[in-house]
>>> print(open('run10.pdb').read())   # PDB, C-alpha atoms (C1' of nucleotides)
ATOM      1  CA  MET A   9     198.715  43.895  10.057
ATOM      2  CA  SER A  10     198.361  46.496  12.810
ATOM      3  CA  THR A  11     195.151  48.390  13.372
ATOM      4  CA  HIS A  12     196.880  51.642  12.461
ATOM      5  CA  GLN A  13     198.091  50.185   9.197
ATOM      6  CA  ARG A  14     194.607  48.927   8.377
ATOM      7  CA  ILE A  15     193.161  52.381   9.065
ATOM      8  CA  ARG A  16     195.629  53.810   6.575
ATOM      9  CA  GLU A  17     194.952  51.065   4.067
ATOM     10  CA  PHE A  18     191.176  51.524   4.262
ATOM     11  CA  TYR A  19     191.576  55.109   3.178
ATOM     12  CA  SER A  20     193.508  54.193   0.037
ATOM     13  CA  VAL A  21     191.020  51.487  -0.849
ATOM     14  CA  LEU A  22     188.002  53.731  -0.312
ATOM     15  CA  TYR A  23     189.491  56.631  -2.213
ATOM     16  CA  GLU A  24     190.380  54.285  -5.052
ATOM     17  CA  ALA A  25     186.854  52.864  -5.095
ATOM     18  CA  TYR A  26     184.813  56.047  -4.708
ATOM     19  CA  GLY A  27     187.063  59.038  -5.391
ATOM     20  CA  SER A  28     186.695  62.492  -3.870
ATOM     21  CA  GLN A  29     183.335  63.135  -2.175
ATOM     22  CA  GLY A  30     183.482  66.933  -2.206
ATOM     23  CA  TRP A  31     182.356  67.499   1.369
ATOM     24  CA  TRP A  32     180.999  69.575   3.093
ATOM     25  CA  PRO A  33     178.067  70.305   0.767
ATOM     26  CA  GLY A  34     177.504  73.854   2.039
ATOM     27  CA  GLU A  35     178.479  77.270   0.841
ATOM     28  CA  ASP A  36     179.470  79.402   3.808
ATOM     29  CA  THR A  37     180.554  78.584   7.324
ATOM     30  CA  LEU A  38     177.253  79.437   8.984
ATOM     31  CA  GLU A  39     175.441  77.203   6.534
ATOM     32  CA  ILE A  40     177.867  74.378   7.306
ATOM     33  CA  ILE A  41     177.250  74.781  11.029
ATOM     34  CA  LEU A  42     173.482  74.791  10.562
ATOM     35  CA  GLY A  43     173.785  71.695   8.389
ATOM     36  CA  ALA A  44     175.773  69.941  11.105
ATOM     37  CA  ILE A  45     172.935  70.526  13.583
ATOM     38  CA  LEU A  46     170.063  69.834  11.203
ATOM     39  CA  THR A  47     171.456  66.537   9.915
ATOM     40  CA  GLN A  48     171.637  64.978  13.382
ATOM     41  CA  ASN A  49     170.189  61.458  13.047
ATOM     42  CA  THR A  50     168.569  62.593   9.807
ATOM     43  CA  SER A  51     169.321  62.059   6.130
ATOM     44  CA  TRP A  52     171.247  64.862   4.472
ATOM     45  CA  LYS A  53     168.445  65.117   1.944
ATOM     46  CA  ASN A  54     165.981  66.177   4.634
ATOM     47  CA  ALA A  55     168.484  68.484   6.311
ATOM     48  CA  LYS A  56     169.058  70.113   2.928
ATOM     49  CA  LYS A  57     165.363  70.876   2.560
ATOM     50  CA  ALA A  58     165.436  72.687   5.879
ATOM     51  CA  ILE A  59     168.555  74.629   4.830
ATOM     52  CA  ASP A  60     166.887  75.577   1.549
ATOM     53  CA  ASN A  61     163.869  76.900   3.422
ATOM     54  CA  LEU A  62     166.126  79.079   5.568
ATOM     55  CA  LYS A  63     167.986  80.275   2.485
ATOM     56  CA  ARG A  64     164.769  81.135   0.692
ATOM     57  CA  GLU A  65     163.800  83.303   3.670
ATOM     58  CA  GLY A  66     167.229  84.927   3.760
ATOM     59  CA  LEU A  67     167.855  83.539   7.216
ATOM     60  CA  ILE A  68     171.376  82.184   6.888
ATOM     61  CA  SER A  69     172.772  85.036   8.958
ATOM     62  CA  VAL A  70     173.465  85.638  12.618
ATOM     63  CA  GLU A  71     171.013  88.525  12.804
ATOM     64  CA  GLY A  72     168.304  86.660  10.923
ATOM     65  CA  LEU A  73     168.522  83.643  13.146
ATOM     66  CA  ARG A  74     168.781  85.766  16.263
ATOM     67  CA  LEU A  75     165.617  87.704  15.460
ATOM     68  CA  ILE A  76     163.310  84.989  14.145
ATOM     69  CA  SER A  77     160.876  83.498  16.633
ATOM     70  CA  LEU A  78     161.437  79.987  17.868
ATOM     71  CA  ASP A  79     158.137  78.804  16.430
ATOM     72  CA  GLU A  80     158.745  80.269  12.980
ATOM     73  CA  LEU A  81     162.208  78.769  12.927
ATOM     74  CA  ALA A  82     160.814  75.390  13.932
ATOM     75  CA  GLN A  83     158.284  75.458  11.095
ATOM     76  CA  LEU A  84     160.932  76.331   8.517
ATOM     77  CA  ILE A  85     163.168  73.445   9.532
ATOM     78  CA  ARG A  86     160.359  70.878   9.767
ATOM     79  CA  PRO A  87     161.692  68.639   6.979
ATOM     80  CA  SER A  88     164.824  67.873   8.980
ATOM     81  CA  GLY A  89     162.804  66.138  11.696
ATOM     82  CA  TYR A  90     162.945  66.767  15.481
ATOM     83  CA  TYR A  91     162.210  70.316  14.433
ATOM     84  CA  ASN A  92     161.215  71.653  17.844
ATOM     85  CA  GLN A  93     164.410  70.389  19.444
ATOM     86  CA  LYS A  94     166.549  71.491  16.521
ATOM     87  CA  ALA A  95     165.070  74.999  16.578
ATOM     88  CA  VAL A  96     166.201  75.277  20.200
ATOM     89  CA  LYS A  97     169.619  73.921  19.254
ATOM     90  CA  VAL A  98     170.059  76.522  16.515
ATOM     91  CA  LYS A  99     168.972  79.259  18.899
ATOM     92  CA  ASN A 100     171.370  77.958  21.541
ATOM     93  CA  PHE A 101     174.235  78.069  19.074
ATOM     94  CA  ILE A 102     173.391  81.608  17.948
ATOM     95  CA  GLY A 103     173.109  82.696  21.581
ATOM     96  CA  PHE A 104     176.557  81.228  22.218
ATOM     97  CA  LEU A 105     178.004  82.978  19.171
ATOM     98  CA  VAL A 106     176.593  86.351  20.172
ATOM     99  CA  GLU A 107     177.502  86.048  23.828
ATOM    100  CA  GLU A 108     181.018  84.638  23.443
ATOM    101  CA  TYR A 109     182.166  86.389  20.270
ATOM    102  CA  GLY A 110     179.798  89.301  19.792
ATOM    103  CA  GLY A 111     178.221  87.443  16.879
ATOM    104  CA  ASP A 112     181.519  87.477  14.985
ATOM    105  CA  LEU A 113     181.903  84.131  13.212
ATOM    106  CA  GLY A 114     185.487  84.897  12.211
ATOM    107  CA  LYS A 115     186.430  85.465  15.824
ATOM    108  CA  MET A 116     184.793  82.204  16.833
ATOM    109  CA  LEU A 117     186.493  80.261  14.061
ATOM    110  CA  SER A 118     189.943  81.475  15.080
ATOM    111  CA  GLU A 119     189.595  80.171  18.627
ATOM    112  CA  ASP A 120     192.137  77.611  19.778
ATOM    113  CA  THR A 121     190.948  74.141  18.713
ATOM    114  CA  LYS A 122     190.751  72.453  22.114
ATOM    115  CA  ARG A 123     189.144  75.442  23.790
ATOM    116  CA  PHE A 124     186.690  75.790  20.942
ATOM    117  CA  ARG A 125     185.721  72.121  21.116
ATOM    118  CA  SER A 126     185.074  72.176  24.851
ATOM    119  CA  LYS A 127     183.027  75.360  24.513
ATOM    120  CA  LEU A 128     180.927  73.854  21.716
ATOM    121  CA  LEU A 129     180.255  70.788  23.854
ATOM    122  CA  ARG A 130     178.749  72.989  26.563
ATOM    123  CA  ILE A 131     176.018  74.133  24.165
ATOM    124  CA  ARG A 132     172.833  72.165  24.697
ATOM    125  CA  GLY A 133     172.214  70.267  21.485
ATOM    126  CA  ILE A 134     175.819  70.011  20.356
ATOM    127  CA  GLY A 135     177.486  66.703  21.111
ATOM    128  CA  PRO A 136     180.842  65.304  20.026
ATOM    129  CA  GLU A 137     179.978  64.579  16.408
ATOM    130  CA  THR A 138     178.365  67.947  15.756
ATOM    131  CA  ALA A 139     181.203  69.769  17.531
ATOM    132  CA  ASP A 140     183.813  67.913  15.499
ATOM    133  CA  SER A 141     181.910  68.497  12.249
ATOM    134  CA  ILE A 142     181.987  72.208  13.003
ATOM    135  CA  LEU A 143     185.707  72.031  13.823
ATOM    136  CA  LEU A 144     186.585  70.071  10.690
ATOM    137  CA  TYR A 145     184.217  71.413   8.068
ATOM    138  CA  ALA A 146     183.572  74.968   9.222
ATOM    139  CA  ALA A 147     186.788  75.823  11.085
ATOM    140  CA  LYS A 148     189.006  73.612   8.883
ATOM    141  CA  ARG A 149     190.800  72.064  11.844
ATOM    142  CA  PRO A 150     192.398  68.622  11.549
ATOM    143  CA  VAL A 151     189.847  66.867  13.790
ATOM    144  CA  PHE A 152     188.442  63.468  12.849
ATOM    145  CA  VAL A 153     184.651  63.175  12.871
ATOM    146  CA  VAL A 154     183.219  59.886  14.113
ATOM    147  CA  ASP A 155     179.660  58.949  13.234
ATOM    148  CA  THR A 156     177.462  55.852  13.388
ATOM    149  CA  TYR A 157     178.783  54.676  10.023
ATOM    150  CA  THR A 158     182.363  54.939  11.236
ATOM    151  CA  TYR A 159     181.507  52.932  14.328
ATOM    152  CA  ARG A 160     179.574  50.293  12.391
ATOM    153  CA  ILE A 161     182.213  49.845   9.708
ATOM    154  CA  LEU A 162     185.105  49.549  12.174
ATOM    155  CA  LEU A 163     183.081  47.168  14.315
ATOM    156  CA  ARG A 164     182.195  44.932  11.408
ATOM    157  CA  HIS A 165     185.788  44.828  10.278
ATOM    158  CA  ASN A 166     186.921  43.913  13.783
ATOM    159  CA  LEU A 167     188.997  47.013  14.341
ATOM    160  CA  ILE A 168     187.101  47.985  17.486
ATOM    161  CA  GLY A 169     184.849  46.352  20.071
ATOM    162  CA  GLU A 170     181.244  47.157  20.963
ATOM    163  CA  GLU A 171     182.284  49.266  23.934
ATOM    164  CA  THR A 172     184.759  51.493  22.137
ATOM    165  CA  THR A 173     183.969  55.131  22.902
ATOM    166  CA  TYR A 174     183.697  58.105  20.566
ATOM    167  CA  GLU A 175     187.017  59.551  21.706
ATOM    168  CA  GLU A 176     188.805  56.207  21.400
ATOM    169  CA  ILE A 177     187.649  55.796  17.815
ATOM    170  CA  GLN A 178     188.609  59.371  17.060
ATOM    171  CA  ASN A 179     192.072  58.804  18.516
ATOM    172  CA  LEU A 180     192.447  55.620  16.505
ATOM    173  CA  PHE A 181     192.141  57.646  13.302
ATOM    174  CA  MET A 182     194.113  60.627  14.536
ATOM    175  CA  ASP A 183     196.977  58.440  15.779
ATOM    176  CA  SER A 184     197.118  56.519  12.490
ATOM    177  CA  LEU A 185     197.130  59.370  10.015
ATOM    178  CA  PRO A 186     198.909  62.649   9.301
ATOM    179  CA  GLN A 187     197.042  65.563  10.932
ATOM    180  CA  ASP A 188     195.627  66.873   7.688
ATOM    181  CA  THR A 189     192.276  68.639   7.425
ATOM    182  CA  GLY A 190     191.738  67.637   3.800
ATOM    183  CA  LEU A 191     192.499  64.009   4.550
ATOM    184  CA  PHE A 192     190.165  63.852   7.559
ATOM    185  CA  ASN A 193     187.475  65.584   5.521
ATOM    186  CA  GLU A 194     187.736  63.074   2.701
ATOM    187  CA  TYR A 195     188.068  60.014   4.926
ATOM    188  CA  HIS A 196     184.943  60.790   6.921
ATOM    189  CA  ALA A 197     182.974  61.443   3.742
ATOM    190  CA  LEU A 198     184.205  58.187   2.232
ATOM    191  CA  LEU A 199     183.127  56.226   5.307
ATOM    192  CA  VAL A 200     179.655  57.725   4.996
ATOM    193  CA  LYS A 201     179.596  56.830   1.309
ATOM    194  CA  LEU A 202     180.560  53.234   2.074
ATOM    195  CA  GLY A 203     178.133  53.038   4.981
ATOM    196  CA  LYS A 204     175.236  54.270   2.897
ATOM    197  CA  GLU A 205     175.536  51.520   0.377
ATOM    198  CA  ARG A 206     177.056  48.654   2.317
ATOM    199  CA  CYS A 207     177.572  48.746   6.057
ATOM    200  CA  ARG A 208     173.991  49.305   7.188
ATOM    201  CA  LYS A 209     172.355  47.618  10.131
ATOM    202  CA  LYS A 210     171.595  44.627   7.963
ATOM    203  CA  PRO A 211     175.045  43.558   6.849
ATOM    204  CA  ILE A 212     175.858  43.656   3.183
ATOM    205  CA  CYS A 213     179.484  42.569   3.024
ATOM    206  CA  LYS A 214     179.701  40.844  -0.324
ATOM    207  CA  GLY A 215     181.531  43.055  -2.761
ATOM    208  CA  CYS A 216     182.623  45.506  -0.066
ATOM    209  CA  PRO A 217     185.671  47.442  -1.292
ATOM    210  CA  LEU A 218     187.322  46.708   2.049
ATOM    211  CA  GLU A 219     187.088  43.026   1.099
ATOM    212  CA  TYR A 220     186.040  41.864   4.496
ATOM    213  CA  ASP A 221     185.207  38.178   4.402
ATOM    214  CA  PRO A 222     183.016  37.242   7.369
ATOM    215  CA  HIS A 223     184.039  33.569   7.022
ATOM    216  CA  ASN A 224     187.729  34.307   7.125
ATOM    217  CA  VAL A 225     188.357  36.220  10.331
TER     218      VAL A 225
ATOM    219  C1'  DC B   8     153.534  47.713   6.777
ATOM    220  C1'  DA B   9     158.473  48.134   9.001
ATOM    221  C1'  DC B  10     162.754  50.258   9.039
ATOM    222  C1'  DC B  11     166.207  53.735   8.529
ATOM    223  C1'  DA B  12     168.633  58.394   8.408
ATOM    224  C1'  DG B  13     175.852  62.051   8.577
ATOM    225  C1'  DG B  14     172.657  62.464  17.484
ATOM    226  C1'  DC B  15     171.726  64.279  21.730
ATOM    227  C1'  DA B  16     169.760  64.969  26.186
ATOM    228  C1'  DA B  17     166.779  63.760  29.888
ATOM    229  C1'  DG B  18     164.625  60.380  32.686
ATOM    230  C1'  DT B  19     164.820  56.278  35.658
ATOM    231  C1'  DA B  20     166.616  53.275  39.254
TER     232       DA B  20
ATOM    233  C1'  DT C   4     176.866  54.646  36.801
ATOM    234  C1'  DA C   5     174.073  52.031  33.333
ATOM    235  C1'  DC C   6     170.178  51.568  30.681
ATOM    236  C1'  DT C   7     165.987  53.475  28.453
ATOM    237  C1'  DT C   8     163.075  56.835  26.146
ATOM    238  C1'  DG C   9     161.679  61.030  23.396
ATOM    239  C1'  DC C  10     162.280  63.623  19.557
ATOM    240  C1'  DA C  11     159.768  63.516  13.948
ATOM    241  C1'  DT C  12     159.994  64.115   8.897
ATOM    242  C1'  DG C  13     160.558  61.745   4.578
ATOM    243  C1'  DG C  14     162.372  57.922   1.688
ATOM    244  C1'  DT C  15     162.584  52.787   0.564
TER     245       DT C  15
END
>>> encode(input="run10.pdb", output="C-alpha cells")
Amino acid sequence: MSTHQRIREFYSVLYEAYGSQGWWPGEDTLEIILGAILTQNTSWKNAKKAIDNLKREGLISVEGLRLISLDELAQLIRPSGYYNQKAVKVKNFIGFLVEEYGGDLGKMLSEDTKRFRSKLLRIRGIGPETADSILLYAAKRPVFVVDTYTYRILLRHNLIGEETTYEEIQNLFMDSLPQDTGLFNEYHALLVKLGKERCRKKPICKGCPLEYDPHNV
DNA sequence: CACCAGGCAAGTA
DNA sequence: TACTTGCATGGT
C-alpha cells in the first residue's frame, strides 16, 4: 500500500477508535492563539492554567496584553513553564498584530494564507508548529499541523525516516488528503490523542489501533 | 528519584 | 552547516 493510502487509512482507523476530539479547546481566536504559544513543549493542562489566569484578570484582549508589564504577564503565565520566554513571545505577537494590522484580529485573520504564514514565522517565538496551529485553529485555513507526536507516530510506523523535515511531513498529509480544515483539525487532534496514550518515547505498540506489528515489517 | 509535556531560538565550532 | 544547550512548571 502506498504511503498516501496509509495516511488516509490511518485517519479512518483513528476516527473509528477515538471519535471526534473537539479541538481547539479555546473560546475565541485570541485565546486560541495564546494557547498555541503557551502550550509549546508543555502539557495542555499547564497551558490551560496560564490561560485561566489571564482570563481571570480579564487579559484576553489586545489592549490588555499590550498594556500589561512583561513581568506581570510572566507571573500570570508561570504554570505553562518557560514563562519568561513565553511572556516575550506573547508580547512579540501582540506587537506584530498592532503594527501590521492596527490591532485588528479580523484583518489579520483574513490575510492570504501563505503571506500570513511567512509573516508569523518572522515573529520571534513562533515557529512552524505554532504558526500552523494559528492558521488551522484560529484562522480556519486548511493547513496541516505537524507536532512531535505526528513525527513519532509516522516514524514508528515506517512512513518517514529520521531526517524527514517538518515541511516534508506536512506535505505528506496535505498531498494525501482533501484540503479540508475540519479534516486537518480532527486528524491532528487524533494523532495527539494516540500519541498521548501509545506512541510515547518508550514504545507501547501492543494494542495500537493502527495495528503496527514491530515483528512484521 | 527520573522522565515527560500539543517548541523555539541562540550558542558553538 | 550541524550539533548542542537553555528555557521551567507540574504531573506520573
>>> atom_distance(input="run10.pdb", atom1="atom CA of A:Ile45", atom2="atom CA of A:Gly133")
7.9 Å
>>> resolve_selection(input="run10.pdb", expression="the PyMOL selection byres ((chain B) within 9 of (chain A))", output="PyMOL selection string")
chain B and resi 11-16
>>> resolve_selection(input="run10.pdb", expression="the PyMOL selection byres ((chain C) within 10 of (chain A))", output="compact mmCIF listing (two decimals) with C-alpha atoms (C1' of nucleotides), in the coordinates of the input")
# COMPACT_ATOMS: atom_id res chain seq x y z
C1' DG C 9 161.68 61.03 23.40
C1' DC C 10 162.28 63.62 19.56
C1' DA C 11 159.77 63.52 13.95
C1' DT C 12 159.99 64.11 8.90
C1' DG C 13 160.56 61.74 4.58
C1' DG C 14 162.37 57.92 1.69
>>> atom_distance(input="run10.pdb", atom1="atom CA of A:Glu119", atom2="atom CA of A:Gly72")
23.6 Å
>>> atom_distance(input="run10.pdb", atom1="atom CA of A:Asp188", atom2="atom CA of A:Lys148")
9.5 Å
>>> resolve_selection(input="run10.pdb", expression="the PyMOL selection byres ((chain C and resi 4) around 12)", output="list in words")
DA20 of chain B; DA5 and DC6 of chain C
>>> axis_aligned_box(input="run10.pdb", around="chain B", padding_each_side="5 Å", output="lines of an AutoDock Vina configuration file")
center_x = 164.7
center_y = 56.3
center_z = 23.0
size_x = 32.3
size_y = 27.3
size_z = 42.5
